[in-house]
file my_file_22.txt (compact mmCIF, C-alpha atoms and all ligand atoms)
# COMPACT_ATOMS: atom_id res chain seq x y z
CA MET A 1359 -238.69 -115.24 49.48
CA SER A 1360 -235.48 -113.33 48.78
CA SER A 1361 -232.54 -115.20 47.26
CA PHE A 1362 -230.51 -114.56 50.47
CA ARG A 1363 -233.14 -116.33 52.54
CA TYR A 1364 -233.00 -119.39 50.23
CA TRP A 1365 -229.26 -119.48 50.72
CA GLY A 1366 -229.73 -118.99 54.49
CA VAL A 1367 -232.12 -121.97 54.68
CA GLU A 1368 -229.70 -124.07 52.59
CA ILE A 1369 -226.75 -123.22 54.88
CA TRP A 1370 -228.88 -123.83 57.98
CA VAL A 1371 -230.02 -127.30 56.75
CA VAL A 1372 -226.43 -128.27 55.81
CA SER A 1373 -225.12 -127.06 59.21
CA VAL A 1374 -227.81 -128.87 61.28
CA VAL A 1375 -227.40 -132.15 59.33
CA SER A 1376 -223.57 -131.94 59.64
CA LEU A 1377 -223.87 -131.27 63.39
CA ILE A 1378 -226.21 -134.26 63.89
CA ALA A 1379 -223.83 -136.43 61.80
CA LEU A 1380 -220.90 -135.27 63.92
CA LEU A 1381 -222.70 -136.02 67.20
CA ILE A 1382 -223.81 -139.49 66.03
CA GLY A 1383 -220.25 -140.01 64.68
CA VAL A 1384 -218.68 -139.05 68.03
CA PHE A 1385 -220.95 -141.39 70.00
CA THR A 1386 -220.60 -144.30 67.56
CA SER A 1387 -216.94 -143.59 66.52
CA THR A 1388 -218.02 -143.59 62.81
CA THR A 1389 -217.70 -139.87 62.06
CA PHE A 1390 -216.04 -140.31 58.69
CA GLU A 1391 -218.50 -142.96 57.39
CA ILE A 1392 -221.55 -140.96 58.51
CA LEU A 1393 -220.17 -137.73 57.00
CA PHE A 1394 -219.33 -139.54 53.75
CA ALA A 1395 -222.82 -141.08 53.59
CA LEU A 1396 -224.51 -137.72 54.25
CA ILE A 1397 -222.38 -135.83 51.68
CA SER A 1398 -223.11 -138.58 49.14
CA ILE A 1399 -226.89 -138.31 49.79
CA TYR A 1400 -226.59 -134.51 49.53
CA LEU A 1401 -224.71 -134.75 46.20
CA VAL A 1402 -227.17 -137.29 44.77
CA TRP A 1403 -230.00 -134.96 45.68
CA HIS A 1404 -228.29 -132.05 43.84
CA VAL A 1405 -227.64 -134.22 40.78
CA ARG A 1406 -231.30 -135.20 40.78
CA GLN A 1407 -232.30 -131.50 40.86
CA ILE A 1408 -229.98 -130.86 37.90
CA VAL A 1409 -231.63 -133.73 35.99
CA ARG A 1410 -235.09 -132.33 36.84
CA LEU A 1411 -233.98 -128.91 35.69
CA LYS A 1412 -232.73 -130.29 32.37
CA HIS A 1413 -235.92 -132.26 31.88
CA TRP A 1414 -238.04 -129.19 32.63
CA LEU A 1415 -236.05 -126.97 30.28
CA THR A 1416 -235.68 -129.34 27.34
CA GLU A 1417 -238.50 -131.87 27.44
CA SER A 1418 -241.36 -130.54 29.50
CA ARG A 1419 -243.78 -128.10 27.85
CA ASP A 1420 -244.93 -126.91 31.24
CA LEU A 1421 -244.18 -123.25 31.98
CA TYR A 1422 -244.31 -123.85 35.76
CA PRO A 1423 -241.20 -125.34 37.45
CA PRO A 1424 -241.19 -128.60 39.40
CA ASP A 1425 -241.41 -128.24 43.23
CA SER A 1426 -238.11 -128.22 45.05
CA LEU A 1427 -236.43 -127.22 48.28
CA GLY A 1428 -233.80 -124.71 49.37
CA ILE A 1429 -231.56 -123.16 46.81
CA TRP A 1430 -233.07 -125.24 44.02
CA SER A 1431 -236.45 -123.74 44.69
CA ASP A 1432 -234.82 -120.32 44.11
CA ILE A 1433 -233.08 -121.45 40.90
CA PHE A 1434 -236.29 -122.97 39.51
CA HIS A 1435 -238.24 -119.85 40.40
CA SER A 1436 -235.69 -117.47 38.81
CA ILE A 1437 -235.62 -119.50 35.60
CA TYR A 1438 -239.42 -119.54 35.61
CA LEU A 1439 -239.49 -115.70 35.81
CA LEU A 1440 -236.94 -115.44 32.98
CA GLN A 1441 -238.95 -117.82 30.82
CA ARG A 1442 -242.14 -115.90 31.50
CA ARG A 1443 -240.42 -112.68 30.40
CA ASN A 1444 -239.05 -114.37 27.27
CA ARG A 1445 -242.43 -115.82 26.43
CA LYS A 1446 -243.99 -112.34 26.69
CA SER A 1447 -241.44 -110.70 24.41
CA ARG A 1448 -241.71 -113.64 21.98
CA LYS A 1449 -245.46 -113.13 21.89
CA ARG A 1450 -244.99 -109.41 21.27
CA LEU A 1451 -242.48 -110.07 18.46
CA THR A 1452 -244.76 -112.68 16.90
CA SER A 1453 -247.64 -110.25 16.89
CA ILE A 1454 -245.45 -107.48 15.38
CA LEU A 1455 -244.25 -109.94 12.74
CA SER A 1456 -247.74 -111.08 11.86
CA GLU A 1457 -248.91 -107.45 11.66
CA PHE A 1458 -245.94 -106.70 9.37
CA ARG A 1459 -246.77 -109.76 7.24
CA ALA A 1460 -250.42 -108.74 7.02
CA SER A 1461 -249.56 -105.16 6.02
CA THR A 1462 -246.96 -106.18 3.41
CA ALA A 1463 -249.40 -108.76 2.05
CA ALA A 1464 -251.95 -105.96 1.67
CA LEU A 1465 -249.44 -103.78 -0.26
CA PRO A 1466 -250.42 -103.43 -3.91
CA ASP A 1467 -246.70 -103.33 -4.79
CA GLY A 1468 -244.49 -106.37 -4.76
CA ALA A 1469 -241.68 -106.39 -2.19
CA ILE A 1470 -238.79 -108.85 -2.40
CA VAL A 1471 -235.90 -109.00 0.06
CA LEU A 1472 -232.64 -110.04 -1.60
CA GLY A 1473 -229.55 -111.35 0.15
CA GLU A 1474 -225.87 -110.72 -0.48
CA MET A 1475 -225.77 -112.92 -3.61
CA SER A 1476 -229.11 -111.52 -4.89
CA GLU A 1477 -230.86 -114.64 -3.63
CA ILE A 1478 -234.50 -114.27 -2.62
CA ILE A 1479 -234.93 -114.23 1.16
CA TRP A 1480 -238.56 -113.19 1.40
CA PHE A 1481 -241.36 -111.80 -0.77
CA ASN A 1482 -244.94 -110.66 -0.27
CA LYS A 1483 -248.18 -111.78 -1.91
CA SER A 1484 -248.14 -109.04 -4.58
CA ALA A 1485 -244.61 -110.02 -5.69
CA GLU A 1486 -245.86 -113.59 -5.91
CA ASN A 1487 -248.68 -112.47 -8.23
CA LEU A 1488 -246.72 -109.93 -10.30
CA LEU A 1489 -243.74 -112.20 -10.98
CA ALA A 1490 -245.38 -115.63 -10.55
CA LEU A 1491 -243.03 -116.47 -7.68
CA ASN A 1492 -243.50 -119.65 -5.73
CA SER A 1493 -242.64 -119.51 -2.05
CA LYS A 1494 -241.59 -123.16 -1.93
CA LYS A 1495 -239.45 -123.23 -5.06
CA ASP A 1496 -238.10 -119.72 -5.33
CA ILE A 1497 -236.85 -118.82 -1.86
CA GLY A 1498 -233.06 -119.05 -2.07
CA GLN A 1499 -233.03 -118.72 -5.89
CA ARG A 1500 -231.11 -115.84 -7.43
CA ILE A 1501 -233.50 -113.16 -8.69
CA SER A 1502 -231.59 -112.96 -12.02
CA ASN A 1503 -232.58 -116.60 -12.67
CA LEU A 1504 -236.22 -115.60 -12.45
CA ILE A 1505 -236.14 -112.16 -14.14
CA ARG A 1506 -233.76 -112.81 -16.99
CA ASN A 1507 -234.25 -109.53 -18.87
CA PRO A 1508 -230.69 -108.25 -19.65
CA ARG A 1509 -231.68 -104.70 -18.66
CA PHE A 1510 -232.70 -105.92 -15.22
CA VAL A 1511 -229.53 -107.99 -14.81
CA GLU A 1512 -227.45 -104.93 -15.73
CA TYR A 1513 -229.46 -102.77 -13.29
CA LEU A 1514 -228.94 -105.33 -10.53
CA ASP A 1515 -225.17 -105.50 -11.06
CA ASN A 1516 -224.58 -101.83 -11.74
CA GLY A 1517 -225.30 -100.60 -8.18
CA ASP A 1518 -226.87 -97.28 -9.24
CA TYR A 1519 -230.45 -97.59 -8.00
CA SER A 1520 -231.34 -93.89 -8.08
CA LEU A 1521 -233.99 -94.49 -10.77
CA PRO A 1522 -236.41 -97.37 -11.34
CA ILE A 1523 -236.42 -99.34 -14.58
CA GLU A 1524 -239.47 -100.33 -16.60
CA LEU A 1525 -239.84 -103.81 -18.03
CA THR A 1526 -242.49 -105.94 -19.64
CA SER A 1527 -243.75 -108.50 -17.13
CA PRO A 1528 -241.99 -111.87 -17.54
CA ILE A 1529 -245.39 -113.60 -17.28
CA ASP A 1530 -247.65 -111.34 -19.37
CA GLU A 1531 -246.38 -109.16 -22.19
CA HIS A 1532 -249.33 -106.76 -21.77
CA ILE A 1533 -248.23 -105.81 -18.26
CA LYS A 1534 -245.55 -103.18 -17.68
CA LEU A 1535 -243.65 -103.28 -14.43
CA SER A 1536 -241.53 -100.66 -12.73
CA LEU A 1537 -238.73 -102.18 -10.63
CA ARG A 1538 -236.69 -100.31 -8.07
CA LEU A 1539 -233.92 -101.59 -5.83
CA THR A 1540 -232.93 -100.07 -2.48
CA SER A 1541 -229.83 -101.16 -0.54
CA TYR A 1542 -229.95 -101.49 3.23
CA ASN A 1543 -228.08 -103.26 6.05
CA ASN A 1544 -224.83 -103.37 4.02
CA ASN A 1545 -225.54 -106.35 1.81
CA GLN A 1546 -229.30 -106.63 1.62
CA ARG A 1547 -231.51 -105.12 -1.03
CA LEU A 1548 -235.24 -104.53 -1.28
CA LEU A 1549 -236.77 -104.88 -4.73
CA MET A 1550 -240.08 -103.04 -5.12
CA VAL A 1551 -242.20 -104.09 -8.11
CA ARG A 1552 -245.09 -101.94 -9.28
CA ASN A 1553 -247.62 -102.53 -12.01
CA VAL A 1554 -247.46 -99.37 -14.19
CA THR A 1555 -249.54 -100.67 -17.11
CA ARG A 1556 -252.16 -97.92 -16.65
CA LEU A 1557 -249.55 -95.14 -16.56
CA TYR A 1558 -247.86 -96.72 -19.56
CA GLN A 1559 -251.17 -96.78 -21.45
CA LEU A 1560 -251.83 -93.11 -20.58
CA GLU A 1561 -248.35 -92.20 -21.79
CA LYS A 1562 -249.06 -94.15 -24.97
CA VAL A 1563 -252.34 -92.23 -25.48
CA ARG A 1564 -250.37 -88.97 -25.10
CA GLN A 1565 -247.70 -90.13 -27.55
CA ASP A 1566 -250.31 -91.32 -30.08
CA PHE A 1567 -252.17 -88.01 -29.73
CA VAL A 1568 -249.04 -85.96 -30.50
CA ALA A 1569 -248.11 -88.29 -33.36
CA ASN A 1570 -251.63 -88.15 -34.85
CA VAL A 1571 -251.97 -84.36 -34.55
CA SER A 1572 -248.55 -83.87 -36.15
CA HIS A 1573 -249.42 -86.28 -38.90
CA GLU A 1574 -252.81 -84.63 -39.54
CA LEU A 1575 -251.17 -81.19 -39.73
CA ARG A 1576 -248.84 -82.29 -42.49
CA THR A 1577 -251.40 -82.37 -45.32
CA PRO A 1578 -252.95 -78.91 -44.74
CA LEU A 1579 -249.47 -77.48 -44.34
CA THR A 1580 -248.35 -79.00 -47.63
CA VAL A 1581 -251.41 -77.50 -49.38
CA ILE A 1582 -250.89 -74.03 -47.86
CA ASN A 1583 -247.18 -74.22 -48.66
CA GLY A 1584 -248.04 -75.10 -52.27
CA TYR A 1585 -250.27 -72.00 -52.61
CA VAL A 1586 -247.69 -69.75 -50.92
CA GLU A 1587 -245.02 -71.01 -53.33
CA ILE A 1588 -247.32 -70.35 -56.32
CA MET A 1589 -247.99 -66.83 -55.01
CA SER A 1590 -244.30 -66.29 -54.37
CA ASP A 1591 -243.42 -67.45 -57.92
CA SER A 1592 -245.96 -65.05 -59.44
CA LYS A 1593 -245.17 -62.06 -57.27
CA GLU A 1594 -244.93 -59.81 -60.28
CA HIS A 1595 -248.67 -60.31 -61.00
CA LEU A 1596 -249.60 -59.30 -57.46
CA PRO A 1597 -249.66 -55.84 -55.89
CA ALA A 1598 -246.32 -54.93 -54.20
CA PHE A 1599 -248.22 -54.84 -50.89
CA PHE A 1600 -248.38 -58.68 -50.87
CA GLU A 1601 -244.63 -59.22 -51.18
CA ARG A 1602 -243.76 -59.04 -47.47
CA PRO A 1603 -246.80 -61.00 -46.19
CA ILE A 1604 -246.06 -63.79 -48.70
CA GLU A 1605 -242.42 -63.91 -47.63
CA GLN A 1606 -243.44 -64.08 -43.94
CA MET A 1607 -246.08 -66.73 -44.64
CA GLY A 1608 -243.40 -68.81 -46.36
CA GLN A 1609 -241.08 -68.46 -43.35
CA GLN A 1610 -243.79 -69.38 -40.83
CA ILE A 1611 -244.92 -72.36 -42.89
CA HIS A 1612 -241.33 -73.55 -43.05
CA ARG A 1613 -241.14 -73.20 -39.26
CA MET A 1614 -244.38 -75.11 -38.73
CA ARG A 1615 -243.23 -77.90 -41.03
CA SER A 1616 -239.95 -78.19 -39.08
CA LEU A 1617 -241.96 -78.31 -35.85
CA VAL A 1618 -244.30 -81.00 -37.15
CA ASP A 1619 -241.35 -83.01 -38.51
CA ASP A 1620 -239.49 -82.76 -35.18
CA LEU A 1621 -242.62 -83.72 -33.22
CA LEU A 1622 -243.08 -86.77 -35.46
CA THR A 1623 -239.41 -87.74 -35.09
CA LEU A 1624 -239.66 -87.38 -31.30
CA SER A 1625 -242.84 -89.39 -30.99
CA LYS A 1626 -241.29 -92.18 -33.08
CA LEU A 1627 -238.21 -92.19 -30.82
CA ASP A 1628 -240.40 -91.90 -27.73
CA SER A 1629 -242.68 -94.78 -28.55
CA GLY A 1630 -239.71 -97.15 -28.65
CA ASN A 1631 -241.74 -99.18 -31.16
CA GLU A 1632 -239.15 -98.86 -33.86
CA PRO A 1633 -236.21 -101.19 -33.33
CA ILE A 1634 -232.91 -99.39 -33.63
CA ARG A 1635 -231.84 -101.41 -36.71
CA ASN A 1636 -228.13 -101.23 -36.01
CA THR A 1637 -225.82 -101.16 -39.00
CA PRO A 1638 -222.11 -100.29 -39.22
CA ILE A 1639 -221.84 -96.54 -39.85
CA LYS A 1640 -218.81 -94.42 -40.62
CA PRO A 1641 -219.46 -91.21 -38.66
CA HIS A 1642 -216.46 -89.44 -40.22
CA VAL A 1643 -218.17 -89.60 -43.64
CA MET A 1644 -221.49 -88.41 -42.20
CA LEU A 1645 -219.85 -85.59 -40.21
CA LYS A 1646 -217.94 -84.40 -43.30
CA ARG A 1647 -221.22 -84.13 -45.20
CA ILE A 1648 -222.97 -82.29 -42.36
CA THR A 1649 -219.98 -79.92 -42.04
CA GLU A 1650 -220.43 -79.02 -45.72
CA GLU A 1651 -224.13 -78.37 -45.08
CA ALA A 1652 -223.18 -76.23 -42.05
CA VAL A 1653 -220.81 -74.19 -44.23
CA ALA A 1654 -223.69 -73.58 -46.62
CA LEU A 1655 -225.99 -72.60 -43.71
CA SER A 1656 -223.38 -70.27 -42.27
CA ASP A 1657 -223.06 -68.55 -45.62
CA GLY A 1658 -219.51 -67.41 -44.90
CA GLN A 1659 -220.27 -65.93 -41.47
CA HIS A 1660 -218.20 -68.44 -39.47
CA SER A 1661 -214.98 -70.33 -39.80
CA ILE A 1662 -216.04 -73.98 -39.69
CA SER A 1663 -213.62 -76.92 -39.59
CA PHE A 1664 -213.82 -80.66 -39.16
CA GLU A 1665 -211.01 -82.31 -37.15
CA CYS A 1666 -211.20 -85.94 -38.13
CA HIS A 1667 -208.77 -88.22 -36.25
CA SER A 1668 -210.50 -91.55 -36.70
CA GLU A 1669 -212.18 -93.57 -39.41
CA THR A 1670 -213.53 -96.22 -37.06
CA ALA A 1671 -217.10 -97.34 -37.64
CA ILE A 1672 -219.83 -97.59 -34.98
CA LEU A 1673 -223.08 -99.54 -34.87
CA GLY A 1674 -226.18 -97.42 -35.15
CA ASN A 1675 -229.09 -96.07 -37.11
CA GLU A 1676 -227.86 -93.79 -39.89
CA LYS A 1677 -230.99 -91.62 -40.09
CA GLU A 1678 -231.21 -91.08 -36.33
CA LEU A 1679 -227.50 -90.28 -35.94
CA HIS A 1680 -227.64 -87.89 -38.88
CA SER A 1681 -230.53 -86.08 -37.21
CA ALA A 1682 -228.67 -85.86 -33.85
CA PHE A 1683 -225.34 -84.71 -35.31
CA SER A 1684 -226.92 -82.13 -37.60
CA ASN A 1685 -229.01 -80.73 -34.72
CA LEU A 1686 -225.82 -80.16 -32.69
CA ILE A 1687 -223.82 -78.71 -35.58
CA PHE A 1688 -226.61 -76.49 -36.94
CA ASN A 1689 -227.29 -75.21 -33.40
CA ALA A 1690 -223.64 -74.12 -33.21
CA VAL A 1691 -224.04 -72.27 -36.52
CA ARG A 1692 -227.34 -70.66 -35.48
CA TYR A 1693 -226.25 -69.57 -32.02
CA THR A 1694 -222.68 -68.44 -32.79
CA PRO A 1695 -222.54 -64.79 -33.86
CA SER A 1696 -220.99 -63.86 -37.16
CA GLY A 1697 -217.18 -64.10 -37.09
CA GLY A 1698 -217.19 -67.02 -34.62
CA ARG A 1699 -215.40 -70.36 -34.94
CA ILE A 1700 -217.00 -73.81 -35.00
CA THR A 1701 -214.98 -77.01 -34.80
CA ILE A 1702 -216.34 -80.51 -35.18
CA PHE A 1703 -214.26 -83.40 -33.77
CA TRP A 1704 -214.33 -87.13 -34.41
CA GLU A 1705 -211.56 -88.87 -32.48
CA GLN A 1706 -210.63 -91.97 -30.52
CA GLN A 1707 -210.21 -91.31 -26.81
CA ALA A 1708 -209.78 -93.51 -23.74
CA LYS A 1709 -213.53 -93.37 -23.02
CA GLY A 1710 -214.45 -94.31 -26.61
CA LEU A 1711 -215.01 -92.56 -29.92
CA ARG A 1712 -215.78 -88.93 -29.23
CA MET A 1713 -217.93 -86.69 -31.37
CA ALA A 1714 -217.78 -83.05 -30.28
CA VAL A 1715 -219.04 -79.70 -31.55
CA GLU A 1716 -217.20 -76.72 -30.14
CA ASP A 1717 -218.22 -73.13 -30.77
CA THR A 1718 -217.23 -69.63 -29.73
CA GLY A 1719 -220.89 -68.62 -29.33
CA PRO A 1720 -222.67 -66.95 -26.40
CA GLY A 1721 -222.18 -69.91 -24.04
CA ILE A 1722 -224.78 -71.25 -21.59
CA ASP A 1723 -225.11 -70.50 -17.86
CA PRO A 1724 -224.48 -73.77 -15.89
CA MET A 1725 -227.96 -73.53 -14.30
CA HIS A 1726 -229.58 -74.12 -17.72
CA ILE A 1727 -227.42 -77.06 -18.79
CA PRO A 1728 -229.36 -79.87 -16.99
CA ARG A 1729 -232.61 -78.66 -18.61
CA LEU A 1730 -231.41 -78.15 -22.20
CA THR A 1731 -232.77 -81.48 -23.44
CA GLU A 1732 -236.31 -80.78 -22.16
CA ARG A 1733 -238.85 -80.18 -24.90
CA PHE A 1734 -239.24 -76.49 -25.78
CA TYR A 1735 -236.71 -75.43 -23.12
CA ARG A 1736 -234.92 -72.31 -24.23
CA VAL A 1737 -232.21 -70.38 -22.42
CA ASP A 1738 -233.35 -67.05 -23.75
CA ASP A 1739 -236.84 -67.35 -25.18
CA GLY A 1740 -236.82 -64.20 -27.30
CA ARG A 1741 -233.31 -64.68 -28.70
CA ASP A 1742 -233.70 -68.42 -29.33
CA ARG A 1743 -237.07 -68.09 -31.09
CA ALA A 1744 -235.55 -65.46 -33.38
CA VAL A 1745 -232.77 -67.94 -34.25
CA GLY A 1746 -235.54 -70.06 -35.73
CA GLY A 1747 -235.27 -73.44 -34.00
CA THR A 1748 -238.16 -75.62 -32.94
CA GLY A 1749 -237.07 -76.07 -29.31
CA LEU A 1750 -237.03 -79.83 -29.86
CA GLY A 1751 -233.55 -80.33 -31.31
CA LEU A 1752 -231.69 -81.32 -28.15
CA ALA A 1753 -234.61 -83.50 -26.98
CA ILE A 1754 -234.19 -85.46 -30.22
CA VAL A 1755 -230.42 -85.62 -29.69
CA LYS A 1756 -230.90 -86.98 -26.15
CA HIS A 1757 -233.29 -89.74 -27.31
CA VAL A 1758 -231.12 -90.76 -30.25
CA LEU A 1759 -228.00 -90.94 -28.10
CA GLU A 1760 -229.81 -92.97 -25.43
CA ARG A 1761 -230.88 -95.44 -28.10
CA HIS A 1762 -227.21 -95.72 -29.08
CA GLY A 1763 -226.01 -96.32 -25.51
CA SER A 1764 -224.54 -92.82 -25.32
CA LYS A 1765 -225.29 -89.59 -23.45
CA LEU A 1766 -225.13 -85.91 -24.38
CA GLN A 1767 -222.58 -83.95 -22.34
CA VAL A 1768 -222.18 -80.18 -22.35
CA THR A 1769 -219.47 -77.85 -21.11
CA SER A 1770 -219.95 -74.16 -21.56
CA GLU A 1771 -218.84 -70.79 -20.35
CA VAL A 1772 -220.95 -67.67 -20.80
CA GLY A 1773 -219.33 -65.28 -23.25
CA LYS A 1774 -216.74 -67.86 -24.39
CA GLY A 1775 -218.60 -70.68 -26.08
CA SER A 1776 -219.95 -74.20 -25.68
CA CYS A 1777 -218.92 -77.76 -26.37
CA PHE A 1778 -221.54 -80.48 -26.92
CA TYR A 1779 -220.04 -83.99 -26.99
CA CYS A 1780 -220.77 -87.68 -26.62
CA TYR A 1781 -218.95 -91.03 -26.76
CA PHE A 1782 -219.62 -94.18 -28.78
CA LYS A 1783 -218.34 -97.73 -28.67
CA PRO A 1784 -216.38 -98.72 -31.76
CA VAL A 1785 -217.46 -101.74 -33.83
CA LYS A 1786 -215.41 -104.73 -32.71
P1 LIG A 1801 -233.78 -74.73 -30.44
O1 LIG A 1801 -234.55 -75.26 -31.57
O2 LIG A 1801 -234.47 -73.62 -29.70
O3 LIG A 1801 -232.37 -74.45 -30.79
P2 LIG A 1801 -232.70 -76.96 -29.04
O4 LIG A 1801 -233.38 -78.05 -28.30
O5 LIG A 1801 -231.88 -77.34 -30.20
O6 LIG A 1801 -233.82 -75.93 -29.39
O7 LIG A 1801 -231.78 -76.18 -28.00
C1 LIG A 1801 -232.33 -75.83 -26.75
C2 LIG A 1801 -231.70 -74.54 -26.25
O8 LIG A 1801 -230.32 -74.75 -25.97
C3 LIG A 1801 -231.69 -73.44 -27.28
O9 LIG A 1801 -232.92 -72.76 -27.26
C4 LIG A 1801 -230.53 -72.58 -26.82
O10 LIG A 1801 -230.96 -71.72 -25.79
C5 LIG A 1801 -229.56 -73.58 -26.23
N1 LIG A 1801 -228.48 -73.96 -27.17
C6 LIG A 1801 -228.40 -75.05 -27.95
N2 LIG A 1801 -227.24 -75.07 -28.64
C7 LIG A 1801 -226.55 -73.97 -28.27
C8 LIG A 1801 -225.25 -73.46 -28.58
N3 LIG A 1801 -224.44 -74.08 -29.46
N4 LIG A 1801 -224.88 -72.31 -27.99
C9 LIG A 1801 -225.68 -71.69 -27.09
N5 LIG A 1801 -226.90 -72.13 -26.73
C10 LIG A 1801 -227.34 -73.26 -27.31
call {"tool": "encode", "arguments": {"input": "my_file_22.txt", "output": "structure tokens"}}
result
Amino acid sequence: MSSFRYWGVEIWVVSVVSLIALLIGVFTSTTFEILFALISIYLVWHVRQIVRLKHWLTESRDLYPPDSLGIWSDIFHSIYLLQRRNRKSRKRLTSILSEFRASTAALPDGAIVLGEMSEIIWFNKSAENLLALNSKKDIGQRISNLIRNPRFVEYLDNGDYSLPIELTSPIDEHIKLSLRLTSYNNNQRLLMVRNVTRLYQLEKVRQDFVANVSHELRTPLTVINGYVEIMSDSKEHLPAFFERPIEQMGQQIHRMRSLVDDLLTLSKLDSGNEPIRNTPIKPHVMLKRITEEAVALSDGQHSISFECHSETAILGNEKELHSAFSNLIFNAVRYTPSGGRITIFWEQQAKGLRMAVEDTGPGIDPMHIPRLTERFYRVDDGRDRAVGGTGLGLAIVKHVLERHGSKLQVTSEVGKGSCFYCYFKPVK
């Protein structure tokens, strides 16, 4: 029945009853009393329908409405249709939700939803296993109370989630985890946790292999070098024909030893096994010494100066910093053509203590700059090999600086020169 017809019936009933009441009232001269009594009965009936409606909506679990008459029949029926629609969409949502739950539970990676204050809102089964979370205790807890590693806390606060971080599992030191945050919905974040122990072990096998090969090459190289030196010292007893090959053998052995030494240095830095062993270091003293070595290497071909504007100490590893600084300074000497200028700076700036090496060498095209610290990356293979480097220098610099909380920065212009620089925190 259409809603208009329900209203029609209602109006018809009210009109007929009022007419009868009026007629009885006219004949018995009690129009007002009869009308009052009928309106009261009518009102009571409506109130009763309201009470039935409330009972049906709040207390009854029955989907079907109670029977009624007139307009109330229409109201009950409309609410029933609405409820049926709601129940259907609730069922659909519940099934979507349970499918989502089942699929996230099947994910091998842990997923944790964090709220505005980094409190845990939800996590899946894998997160529970990887981080020993407990759904009863840990929902609502801040994630930094459960993963207390300072690197993770810094990552969480820093807001730059472009890269994941790797940590040892807080429940098993043999497990390595990769954690990555993603922001969504303004203030919410999703933390994905992945077990990368296998990858970590493979990487370790690679590192050990490089370290072992480099180590094993050292002894034969030392022996060959010894013989070449003996032959070089007794050149006069050998035919003149041997002079050049012996000289070249000496050069190549020197190159191979540098390569093996750099590979060993890199694999030590790479493994992260060696603690940094921070001690107060005075870089101005170290840089002065390296400048003197650079002058010797340049052999009068360049004008080399050291601009020292600070004597402040920094915390670091002397051997590692020496290796990084000398790589940068010797590169400037090796790549700058004769007659060029090289300036080394050590100065206090707003961003921290700045170490810089500036040269008037060939410069580097901007497209190469992001790749300079890759192992064996060379801008100009032929030219750079002839210069005699190992191709590992800037990779070592990058690792050393990272271990000292710093980063290598490069500005360069082709044909004008380059500037390699980095910042350090002073000792407080
Ligand atoms: P290499 O042992 O070949 O010098 P590095 O890792 O030290 O290896 O440097 C990587 C590359 O960066 C070099 O091959 C060279 O192309 C470029 N490079 C480094 N320093 C300079 C510089 N001062 N001027 C121009 N190019 C440079």
call {"tool": "closest_residue", "arguments": {"input": "my_file_22.txt", "among": "A:Leu1415, A:Val1581, A:Leu1439, A:Leu1686", "to": "ligand LIG 1801 (chain A)", "atoms": "all atoms listed in the file"}}
result
A:Leu1686
call {"tool": "residues_near_ligand", "arguments": {"input": "my_file_22.txt", "ligand": "ligand LIG 1801 (chain A)", "cutoff": "8 Å", "atoms": "all atoms listed in the file", "output": "PyMOL selection string"}}
result
chain A and resi 1685-1687+1689-1694+1716-1717+1719-1722+1730-1739+1741-1743+1745-1754+1775-1778
call {"tool": "residues_around", "arguments": {"input": "my_file_22.txt", "residues": "range 1511-1521 of chain A", "least_positions_apart": "6", "cutoff": "7 Å", "atoms": "all atoms listed in the file", "output": "ChimeraX atom specification"}}
result
/A:1502,1538-1540
call {"tool": "atom_distance", "arguments": {"input": "my_file_22.txt", "atom1": "CA of Arg1647 in chain A", "atom2": "CA of Cys1780 in chain A"}}
result
18.9 Å
call {"tool": "residues_around", "arguments": {"input": "my_file_22.txt", "residues": "range 1668-1683 of chain A", "least_positions_apart": "2", "cutoff": "8 Å", "atoms": "only C-alpha atoms", "output": "tab-separated table (two decimals) with C-alpha atoms, in the coordinates of the input"}}
result
chain	number	residue	atom	x	y	z
A	1634	ILE	CA	-232.91	-99.39	-33.63
A	1635	ARG	CA	-231.84	-101.41	-36.71
A	1636	ASN	CA	-228.13	-101.23	-36.01
A	1637	THR	CA	-225.82	-101.16	-39.00
A	1638	PRO	CA	-222.11	-100.29	-39.22
A	1639	ILE	CA	-221.84	-96.54	-39.85
A	1640	LYS	CA	-218.81	-94.42	-40.62
A	1641	PRO	CA	-219.46	-91.21	-38.66
A	1642	HIS	CA	-216.46	-89.44	-40.22
A	1644	MET	CA	-221.49	-88.41	-42.20
A	1645	LEU	CA	-219.85	-85.59	-40.21
A	1648	ILE	CA	-222.97	-82.29	-42.36
A	1666	CYS	CA	-211.20	-85.94	-38.13
A	1685	ASN	CA	-229.01	-80.73	-34.72
A	1686	LEU	CA	-225.82	-80.16	-32.69
A	1687	ILE	CA	-223.82	-78.71	-35.58
A	1704	TRP	CA	-214.33	-87.13	-34.41
A	1705	GLU	CA	-211.56	-88.87	-32.48
A	1706	GLN	CA	-210.63	-91.97	-30.52
A	1751	GLY	CA	-233.55	-80.33	-31.31
A	1752	LEU	CA	-231.69	-81.32	-28.15
A	1754	ILE	CA	-234.19	-85.46	-30.22
A	1755	VAL	CA	-230.42	-85.62	-29.69
A	1758	VAL	CA	-231.12	-90.76	-30.25
A	1759	LEU	CA	-228.00	-90.94	-28.10
A	1762	HIS	CA	-227.21	-95.72	-29.08
A	1782	PHE	CA	-219.62	-94.18	-28.78
A	1783	LYS	CA	-218.34	-97.73	-28.67
A	1784	PRO	CA	-216.38	-98.72	-31.76
A	1785	VAL	CA	-217.46	-101.74	-33.83
call {"tool": "atom_distance", "arguments": {"input": "my_file_22.txt", "atom1": "CA of Phe1703 in chain A", "atom2": "CA of Asp1620 in chain A"}}
result
25.3 Å
